[in-house]
>>> print(open('work-v8.cif').read())   # mmCIF, C-alpha atoms
data_coords
loop_
_atom_site.group_PDB
_atom_site.id
_atom_site.type_symbol
_atom_site.label_atom_id
_atom_site.label_comp_id
_atom_site.auth_asym_id
_atom_site.auth_seq_id
_atom_site.Cartn_x
_atom_site.Cartn_y
_atom_site.Cartn_z
ATOM 1 C CA MET A 1 112.082 96.592 124.075
ATOM 2 C CA GLY A 2 113.483 99.873 125.366
ATOM 3 C CA GLU A 3 115.564 100.294 122.210
ATOM 4 C CA THR A 4 112.486 99.668 120.046
ATOM 5 C CA ARG A 5 110.408 102.257 121.890
ATOM 6 C CA ALA A 6 113.229 104.809 121.612
ATOM 7 C CA ALA A 7 113.433 104.201 117.852
ATOM 8 C CA ASP A 8 109.657 104.495 117.579
ATOM 9 C CA THR A 9 109.668 107.884 119.296
ATOM 10 C CA THR A 10 112.604 109.035 117.186
ATOM 11 C CA LEU A 11 110.808 108.212 113.947
ATOM 12 C CA THR A 12 107.532 109.793 115.004
ATOM 13 C CA LEU A 13 109.332 113.005 115.875
ATOM 14 C CA ALA A 14 111.422 112.788 112.702
ATOM 15 C CA ALA A 15 108.272 112.583 110.594
ATOM 16 C CA GLU A 16 106.859 115.625 112.384
ATOM 17 C CA HIS A 17 110.077 117.561 111.779
ATOM 18 C CA ALA A 18 110.240 116.495 108.117
ATOM 19 C CA VAL A 19 106.681 117.636 107.453
ATOM 20 C CA GLY A 20 107.334 120.962 109.164
ATOM 21 C CA ALA A 21 110.421 121.565 107.012
ATOM 22 C CA LEU A 22 108.580 121.125 103.690
ATOM 23 C CA ASP A 23 107.625 123.957 101.384
ATOM 24 C CA PHE A 24 104.060 122.672 101.353
ATOM 25 C CA GLU A 25 102.726 124.965 98.626
ATOM 26 C CA ARG A 26 105.502 123.872 96.247
ATOM 27 C CA VAL A 27 105.029 120.189 97.077
ATOM 28 C CA GLN A 28 101.273 120.343 96.607
ATOM 29 C CA ARG A 29 101.575 122.259 93.347
ATOM 30 C CA GLU A 30 103.987 119.671 91.991
ATOM 31 C CA TYR A 31 101.763 116.829 93.176
ATOM 32 C CA TRP A 32 98.748 118.099 91.233
ATOM 33 C CA ASP A 33 100.776 119.253 88.210
ATOM 34 C CA GLN A 34 102.113 115.679 87.921
ATOM 35 C CA ASN A 35 98.671 114.056 88.048
ATOM 36 C CA GLU A 36 98.879 113.210 91.736
ATOM 37 C CA CYS A 37 102.520 112.167 92.016
ATOM 38 C CA VAL A 38 105.408 113.813 93.844
ATOM 39 C CA TYR A 39 108.978 112.882 94.756
ATOM 40 C CA LEU A 40 110.438 114.191 98.033
ATOM 41 C CA GLU A 41 114.195 113.755 98.196
ATOM 42 C CA ARG A 42 115.600 113.171 101.694
ATOM 43 C CA PHE A 43 112.254 113.529 103.434
ATOM 44 C CA LEU A 44 113.922 111.635 106.287
ATOM 45 C CA ALA A 45 117.636 111.992 106.901
ATOM 46 C CA PRO A 46 119.526 109.085 105.280
ATOM 47 C CA ALA A 47 121.573 108.636 108.460
ATOM 48 C CA LEU A 48 118.374 108.186 110.473
ATOM 49 C CA VAL A 49 117.026 105.547 108.064
ATOM 50 C CA GLU A 50 120.344 103.716 108.016
ATOM 51 C CA SER A 51 120.625 103.681 111.820
ATOM 52 C CA GLN A 52 116.995 103.019 112.786
ATOM 53 C CA LEU A 53 115.438 101.070 109.913
ATOM 54 C CA VAL A 54 118.133 99.302 107.884
ATOM 55 C CA PRO A 55 119.227 97.103 110.833
ATOM 56 C CA VAL A 56 115.588 96.010 111.192
ATOM 57 C CA VAL A 57 115.461 95.258 107.460
ATOM 58 C CA ASP A 58 118.507 93.018 107.855
ATOM 59 C CA ARG A 59 116.888 91.208 110.765
ATOM 60 C CA LEU A 60 113.767 90.533 108.667
ATOM 61 C CA ARG A 61 115.568 88.910 105.732
ATOM 62 C CA PRO A 62 114.633 85.352 106.847
ATOM 63 C CA GLU A 63 110.957 86.419 106.677
ATOM 64 C CA VAL A 64 111.090 87.455 103.004
ATOM 65 C CA HIS A 65 108.699 85.599 100.709
ATOM 66 C CA ARG A 66 109.831 85.543 97.083
ATOM 67 C CA ALA A 67 107.361 85.479 94.198
ATOM 68 C CA TYR A 68 107.777 85.203 90.449
ATOM 69 C CA LEU A 69 104.943 85.971 88.075
ATOM 70 C CA PRO A 70 106.222 85.632 84.485
ATOM 71 C CA GLY A 71 105.750 88.837 82.552
ATOM 72 C CA HIS A 72 104.880 90.844 85.654
ATOM 73 C CA LYS A 73 107.212 90.639 88.660
ATOM 74 C CA LYS A 74 110.080 88.920 90.420
ATOM 75 C CA SER A 75 111.001 90.067 93.921
ATOM 76 C CA GLY A 76 110.613 89.411 97.636
ATOM 77 C CA SER A 77 108.163 90.890 100.130
ATOM 78 C CA VAL A 78 107.441 91.110 103.853
ATOM 79 C CA SER A 79 103.799 91.650 104.823
ATOM 80 C CA TYR A 80 102.104 93.956 107.305
ATOM 81 C CA TYR A 81 101.493 90.979 109.586
ATOM 82 C CA VAL A 82 105.235 90.279 109.863
ATOM 83 C CA LEU A 83 105.963 93.953 110.517
ATOM 84 C CA ARG A 84 103.191 94.099 113.089
ATOM 85 C CA ASP A 85 104.613 91.136 115.011
ATOM 86 C CA ASN A 86 108.350 91.625 114.485
ATOM 87 C CA ALA A 87 109.112 95.192 113.394
ATOM 88 C CA PRO A 88 106.547 97.656 114.800
ATOM 89 C CA VAL A 89 108.977 100.527 114.222
ATOM 90 C CA PHE A 90 107.731 100.652 110.613
ATOM 91 C CA LEU A 91 104.141 100.931 111.812
ATOM 92 C CA GLU A 92 105.010 103.851 114.073
ATOM 93 C CA LEU A 93 106.204 105.683 110.984
ATOM 94 C CA TYR A 94 103.180 104.529 108.975
ATOM 95 C CA ARG A 95 100.799 105.881 111.621
ATOM 96 C CA ALA A 96 102.681 109.075 112.491
ATOM 97 C CA PRO A 97 99.974 111.716 113.102
ATOM 98 C CA ALA A 98 101.950 114.526 111.457
ATOM 99 C CA PHE A 99 102.417 112.494 108.291
ATOM 100 C CA LEU A 100 98.737 111.513 108.136
ATOM 101 C CA ALA A 101 97.758 115.171 108.500
ATOM 102 C CA PHE A 102 100.255 116.200 105.798
ATOM 103 C CA LEU A 103 99.022 113.543 103.392
ATOM 104 C CA SER A 104 95.379 114.504 103.933
ATOM 105 C CA ARG A 105 96.196 118.122 103.219
ATOM 106 C CA LEU A 106 98.258 117.187 100.160
ATOM 107 C CA VAL A 107 95.568 115.052 98.466
ATOM 108 C CA GLU A 108 92.744 117.303 99.685
ATOM 109 C CA ALA A 109 90.851 114.441 101.322
ATOM 110 C CA PRO A 110 90.953 112.892 104.791
ATOM 111 C CA VAL A 111 93.093 109.746 104.668
ATOM 112 C CA MET A 112 93.598 106.936 107.146
ATOM 113 C CA VAL A 113 95.677 103.802 107.458
ATOM 114 C CA CYS A 114 94.276 100.601 105.965
ATOM 115 C CA PRO A 115 92.262 98.068 107.988
ATOM 116 C CA GLY A 116 94.141 95.410 109.928
ATOM 117 C CA ASP A 117 93.216 92.640 107.484
ATOM 118 C CA ASP A 118 95.171 94.205 104.606
ATOM 119 C CA PRO A 119 98.608 92.530 104.363
ATOM 120 C CA HIS A 120 99.731 95.227 101.924
ATOM 121 C CA SER A 121 98.917 98.209 104.151
ATOM 122 C CA CYS A 122 102.529 98.587 105.248
ATOM 123 C CA ALA A 123 105.062 96.204 103.736
ATOM 124 C CA LEU A 124 108.629 95.817 102.507
ATOM 125 C CA TYR A 125 109.784 95.019 98.967
ATOM 126 C CA PHE A 126 113.139 93.294 98.474
ATOM 127 C CA TYR A 127 114.918 93.415 95.112
ATOM 128 C CA THR A 128 117.939 91.259 95.893
ATOM 129 C CA GLU A 129 118.428 88.782 93.034
ATOM 130 C CA PRO A 130 119.518 89.476 89.436
ATOM 131 C CA GLY A 131 116.509 90.261 87.265
ATOM 132 C CA ASP A 132 114.215 91.256 90.127
ATOM 133 C CA HIS A 133 111.732 93.742 88.695
ATOM 134 C CA MET A 134 108.106 94.877 88.500
ATOM 135 C CA GLY A 135 106.250 95.313 85.219
ATOM 136 C CA PHE A 136 104.176 98.376 84.377
ATOM 137 C CA HIS A 137 100.949 98.564 86.370
ATOM 138 C CA TYR A 138 98.557 100.749 88.332
ATOM 139 C CA ASP A 139 98.110 100.223 92.072
ATOM 140 C CA THR A 140 94.446 99.502 91.495
ATOM 141 C CA SER A 141 92.349 100.101 94.594
ATOM 142 C CA TYR A 142 89.580 97.717 95.583
ATOM 143 C CA TYR A 143 88.487 100.004 98.401
ATOM 144 C CA LYS A 144 85.329 102.066 98.040
ATOM 145 C CA GLY A 145 87.354 105.259 98.339
ATOM 146 C CA SER A 146 90.698 106.343 96.941
ATOM 147 C CA ARG A 147 93.989 104.681 97.890
ATOM 148 C CA PHE A 148 97.344 106.453 97.958
ATOM 149 C CA THR A 149 100.754 104.785 97.829
ATOM 150 C CA VAL A 150 103.814 106.102 99.658
ATOM 151 C CA LEU A 151 107.195 104.526 98.886
ATOM 152 C CA LEU A 152 110.078 105.103 101.286
ATOM 153 C CA GLY A 153 113.610 104.289 100.162
ATOM 154 C CA LEU A 154 115.559 102.117 102.628
ATOM 155 C CA ILE A 155 118.467 100.507 100.749
ATOM 156 C CA GLN A 156 119.572 101.600 97.272
ATOM 157 C CA ARG A 157 122.719 99.884 96.053
ATOM 158 C CA SER A 158 121.951 99.705 92.357
ATOM 159 C CA LYS A 159 122.822 101.543 89.161
ATOM 160 C CA HIS A 160 120.108 99.764 87.200
ATOM 161 C CA CYS A 161 117.019 99.226 89.366
ATOM 162 C CA ARG A 162 114.799 102.300 89.085
ATOM 163 C CA LEU A 163 111.183 103.263 89.629
ATOM 164 C CA VAL A 164 109.870 104.387 86.222
ATOM 165 C CA CYS A 165 106.805 106.659 86.321
ATOM 166 C CA HIS A 166 104.774 107.645 83.270
ATOM 167 C CA LEU A 167 103.056 110.873 84.277
ATOM 168 C CA HIS A 168 99.799 111.812 82.524
ATOM 169 C CA LYS A 169 99.683 108.520 80.604
ATOM 170 C CA ASP A 170 95.890 108.720 80.394
ATOM 171 C CA SER A 171 95.404 112.478 80.729
ATOM 172 C CA PRO A 172 93.645 113.910 77.639
ATOM 173 C CA GLY A 173 95.572 116.808 76.141
ATOM 174 C CA ARG A 174 98.635 116.323 78.355
ATOM 175 C CA PRO A 175 101.891 114.885 76.962
ATOM 176 C CA MET A 176 103.197 111.861 78.834
ATOM 177 C CA ARG A 177 106.393 112.526 80.812
ATOM 178 C CA GLU A 178 108.702 109.864 82.199
ATOM 179 C CA LEU A 179 110.463 109.976 85.564
ATOM 180 C CA ARG A 180 113.193 107.513 86.542
ATOM 181 C CA LEU A 181 113.804 107.537 90.269
ATOM 182 C CA ALA A 182 116.412 105.738 92.347
ATOM 183 C CA TYR A 183 115.041 107.147 95.635
ATOM 184 C CA GLY A 184 117.661 106.342 98.212
ATOM 185 C CA PRO A 185 117.380 106.084 102.013
ATOM 186 C CA GLY A 186 114.823 108.575 103.316
ATOM 187 C CA ASP A 187 113.436 109.596 99.908
ATOM 188 C CA LEU A 188 109.652 109.446 99.405
ATOM 189 C CA VAL A 189 107.398 108.957 96.396
ATOM 190 C CA ILE A 190 103.697 109.721 96.924
ATOM 191 C CA PHE A 191 101.045 108.974 94.317
ATOM 192 C CA ASN A 192 97.444 108.055 93.612
ATOM 193 C CA GLY A 193 97.669 104.379 92.708
ATOM 194 C CA ASN A 194 94.834 104.523 90.205
ATOM 195 C CA LYS A 195 96.561 107.269 88.195
ATOM 196 C CA LEU A 196 100.267 106.442 88.016
ATOM 197 C CA TRP A 197 101.464 103.928 85.419
ATOM 198 C CA HIS A 198 104.744 102.682 86.870
ATOM 199 C CA ALA A 199 107.298 99.885 86.877
ATOM 200 C CA VAL A 200 110.614 98.868 88.433
ATOM 201 C CA THR A 201 113.493 98.087 86.054
ATOM 202 C CA PRO A 202 115.496 94.863 86.516
ATOM 203 C CA LEU A 203 118.197 94.559 89.150
ATOM 204 C CA ALA A 204 121.712 93.640 88.022
ATOM 205 C CA ALA A 205 123.988 91.052 89.638
ATOM 206 C CA GLY A 206 125.579 92.198 92.882
ATOM 207 C CA GLU A 207 122.978 94.925 93.437
ATOM 208 C CA GLU A 208 120.295 95.379 96.081
ATOM 209 C CA ARG A 209 117.262 97.566 96.632
ATOM 210 C CA VAL A 210 114.767 97.546 99.535
ATOM 211 C CA VAL A 211 111.786 99.873 99.943
ATOM 212 C CA CYS A 212 108.886 100.278 102.337
ATOM 213 C CA THR A 213 105.415 100.690 100.860
ATOM 214 C CA MET A 214 102.659 102.382 102.880
ATOM 215 C CA GLU A 215 99.050 102.514 101.719
ATOM 216 C CA TYR A 216 96.429 105.038 102.849
ATOM 217 C CA VAL A 217 92.713 105.164 102.047
ATOM 218 C CA THR A 218 89.853 107.634 102.205
ATOM 219 C CA ASN A 219 87.308 104.885 102.892
ATOM 220 C CA PRO A 220 88.371 101.614 104.576
ATOM 221 C CA GLU A 221 85.329 99.682 103.333
ATOM 222 C CA MET A 222 85.707 96.969 100.713
ATOM 223 C CA ALA A 223 83.163 94.563 99.278
ATOM 224 C CA LEU A 224 83.651 90.982 100.470
ATOM 225 C CA HIS A 225 84.354 89.570 96.998
ATOM 226 C CA LYS A 226 86.936 92.304 96.353
ATOM 227 C CA ARG A 227 88.633 91.606 99.692
ATOM 228 C CA LEU A 228 88.857 87.930 98.743
ATOM 229 C CA PHE A 229 90.353 88.786 95.348
ATOM 230 C CA SER A 230 92.776 91.286 96.895
ATOM 231 C CA ASN A 231 93.972 88.766 99.488
ATOM 232 C CA LEU A 232 94.463 86.068 96.854
ATOM 233 C CA LYS A 233 96.446 88.499 94.695
ATOM 234 C CA ASP A 234 98.638 89.414 97.656
ATOM 235 C CA ALA A 235 99.084 85.747 98.622
ATOM 236 C CA PHE A 236 100.181 84.536 95.191
ATOM 237 C CA GLY A 237 101.913 87.690 93.987
ATOM 238 C CA TYR A 238 103.617 88.967 97.131
ATOM 239 C CA PHE A 239 103.467 87.378 100.574
ATOM 240 C CA GLY A 240 102.603 83.692 100.252
ATOM 241 C CA LEU A 241 99.585 81.679 101.315
ATOM 242 C CA SER A 242 100.332 82.273 104.999
ATOM 243 C CA VAL A 243 98.709 85.717 104.772
ATOM 244 C CA LEU A 244 95.354 84.031 104.181
ATOM 245 C CA PHE A 245 95.576 82.429 107.627
ATOM 246 C CA ALA A 246 97.414 85.102 109.582
ATOM 247 C CA PRO A 247 95.589 86.192 112.752
ATOM 248 C CA ARG A 248 93.748 89.476 112.326
ATOM 249 C CA ARG A 249 93.821 91.941 115.191
ATOM 250 C CA GLY A 250 91.237 94.472 114.181
ATOM 251 C CA SER A 251 92.216 97.816 112.693
ATOM 252 C CA SER A 252 95.846 98.493 111.828
ATOM 253 C CA THR A 253 95.537 101.520 114.075
ATOM 254 C CA THR A 254 95.622 99.185 117.082
ATOM 255 C CA ARG A 255 98.404 96.967 118.363
#
>>> encode(input="work-v8.cif", output="structure tokens")
Amino acid sequence: MGETRAADTTLTLAAEHAVGALDFERVQREYWDQNECVYLERFLAPALVESQLVPVVDRLRPEVHRAYLPGHKKSGSVSYYVLRDNAPVFLELYRAPAFLAFLSRLVEAPVMVCPGDDPHSCALYFYTEPGDHMGFHYDTSYYKGSRFTVLLGLIQRSKHCRLVCHLHKDSPGRPMRELRLAYGPGDLVIFNGNKLWHAVTPLAAGEERVVCTMEYVTNPEMALHKRLFSNLKDAFGYFGLSVLFAPRRGSSTTR
């Protein structure tokens, strides 16, 4: 437990240092110029991610739930509930006060972590088998407010598997621009899920890619029927039916 707490403190301080080292005006300008999307290379030091987070990723491999939805996705996932119970180091990073303050300033709205009954609030995606991919989609929010997605690169051992972003796809008068991002250990992608049309290209044999997804909201309220739909989507498309019966422990801000 002592090693876990030391890693937790290290990551909280690392997030504070990373935020302080940013050229915020440049980052915010790029975020808005790209229709609420920005890529931050080496936000965290790759060596830190590889020493503090990748060993935890390896330990969680038996917990991965694989899902295949023809025409949409093929990959593995680990839910917030598993991270909460077995890998709280990821939640320390997710909740880091300096990062929450930075994100709120960036999007020009107060953001918070998702409620404790959202299995997607902080999760891991595993692309580990040939053909693993994600089709084009928006991260549609069922919350009453806005929802923002943050992707943190953990393992990137692939020449083929890339995040493909179509910027300004639905912006009148703005030409669409495509970004293809590998985002390795410590790299971040931040975007408004309702605005970025994006996909993940297929993984080739012998390759591997693992990322952490963190979701933040401006309003944690969600209508009951939308919560039911969201949980069913997460159960069948990502984490398995077990998430429907996982014990809730209140807000994800508590432990």
>>> atom_distance(input="work-v8.cif", atom1="atom CA of A:Arg177", atom2="atom CA of A:Thr128")
28.5 Å
>>> resolve_selection(input="work-v8.cif", expression="the PyMOL selection byres ((chain A and resi 207) around 10)", output="NGL selection string")
:A and (127-130 or 156-161 or 203-206 or 208-209)
>>> write_last_selection(input="work-v8.cif", atoms="C-alpha atoms", output="PDB file, in the frame of the given file")
ATOM      1  CA  TYR A 127     114.918  93.415  95.112  1.00  0.00           C
ATOM      2  CA  THR A 128     117.939  91.259  95.893  1.00  0.00           C
ATOM      3  CA  GLU A 129     118.428  88.782  93.034  1.00  0.00           C
ATOM      4  CA  PRO A 130     119.518  89.476  89.436  1.00  0.00           C
ATOM      5  CA  GLN A 156     119.572 101.600  97.272  1.00  0.00           C
ATOM      6  CA  ARG A 157     122.719  99.884  96.053  1.00  0.00           C
ATOM      7  CA  SER A 158     121.951  99.705  92.357  1.00  0.00           C
ATOM      8  CA  LYS A 159     122.822 101.543  89.161  1.00  0.00           C
ATOM      9  CA  HIS A 160     120.108  99.764  87.200  1.00  0.00           C
ATOM     10  CA  CYS A 161     117.019  99.226  89.366  1.00  0.00           C
ATOM     11  CA  LEU A 203     118.197  94.559  89.150  1.00  0.00           C
ATOM     12  CA  ALA A 204     121.712  93.640  88.022  1.00  0.00           C
ATOM     13  CA  ALA A 205     123.988  91.052  89.638  1.00  0.00           C
ATOM     14  CA  GLY A 206     125.579  92.198  92.882  1.00  0.00           C
ATOM     15  CA  GLU A 208     120.295  95.379  96.081  1.00  0.00           C
ATOM     16  CA  ARG A 209     117.262  97.566  96.632  1.00  0.00           C
TER      17      ARG A 209
END
>>> closest_residue(input="work-v8.cif", among="A:Leu91, A:Cys165, A:Leu124, A:Ala18", to="A:Arg61", atoms="all atoms listed in the file")
A:Leu124
>>> resolve_selection(input="work-v8.cif", expression="the PyMOL selection byres ((chain A and resi 92) around 10)", output="ChimeraX atom specification")
/A:5,7-12,15,84,87-91,93-97,253
>>> closest_atom_pairs(input="work-v8.cif", of="stretch 119-169 of chain A", to="stretch 34-53 of chain A", cutoff="12 Å", atoms="all atoms listed in the file", output="Markdown table")
| residue | atom | partner | partner_atom | distance |
| --- | --- | --- | --- | --- |
| A:Leu124 | CA | A:Leu53 | CA | 11.3 |
| A:Ser146 | CA | A:Glu36 | CA | 11.9 |
| A:Arg147 | CA | A:Glu36 | CA | 11.6 |
| A:Phe148 | CA | A:Glu36 | CA | 9.3 |
| A:Thr149 | CA | A:Cys37 | CA | 9.6 |
| A:Val150 | CA | A:Val38 | CA | 9.8 |
| A:Leu151 | CA | A:Tyr39 | CA | 9.5 |
| A:Leu152 | CA | A:Phe43 | CA | 9.0 |
| A:Gly153 | CA | A:Val49 | CA | 8.7 |
| A:Leu154 | CA | A:Val49 | CA | 6.6 |
| A:Ile155 | CA | A:Glu50 | CA | 8.2 |
| A:Gln156 | CA | A:Pro46 | CA | 11.0 |
| A:Leu163 | CA | A:Tyr39 | CA | 11.1 |
| A:Cys165 | CA | A:Cys37 | CA | 9.0 |
| A:His166 | CA | A:Gln34 | CA | 9.7 |
| A:Leu167 | CA | A:Gln34 | CA | 6.1 |
| A:His168 | CA | A:Asn35 | CA | 6.1 |
| A:Lys169 | CA | A:Asn35 | CA | 9.3 |
>>> closest_residue(input="work-v8.cif", among="A:His225, A:Arg105, A:His198, A:His137", to="A:Gly71", atoms="all atoms listed in the file")
A:His137
>>> closest_residue(input="work-v8.cif", among="A:Lys226, A:Arg174, A:Lys144, A:His133", to="A:Ala67", atoms="only C-alpha atoms")
A:His133
>>> atom_distance(input="work-v8.cif", atom1="atom CA of A:Tyr125", atom2="atom CA of A:Ser242")
17.0 Å
>>> atom_distance(input="work-v8.cif", atom1="atom CA of A:Phe236", atom2="atom CA of A:Asp118")
14.4 Å
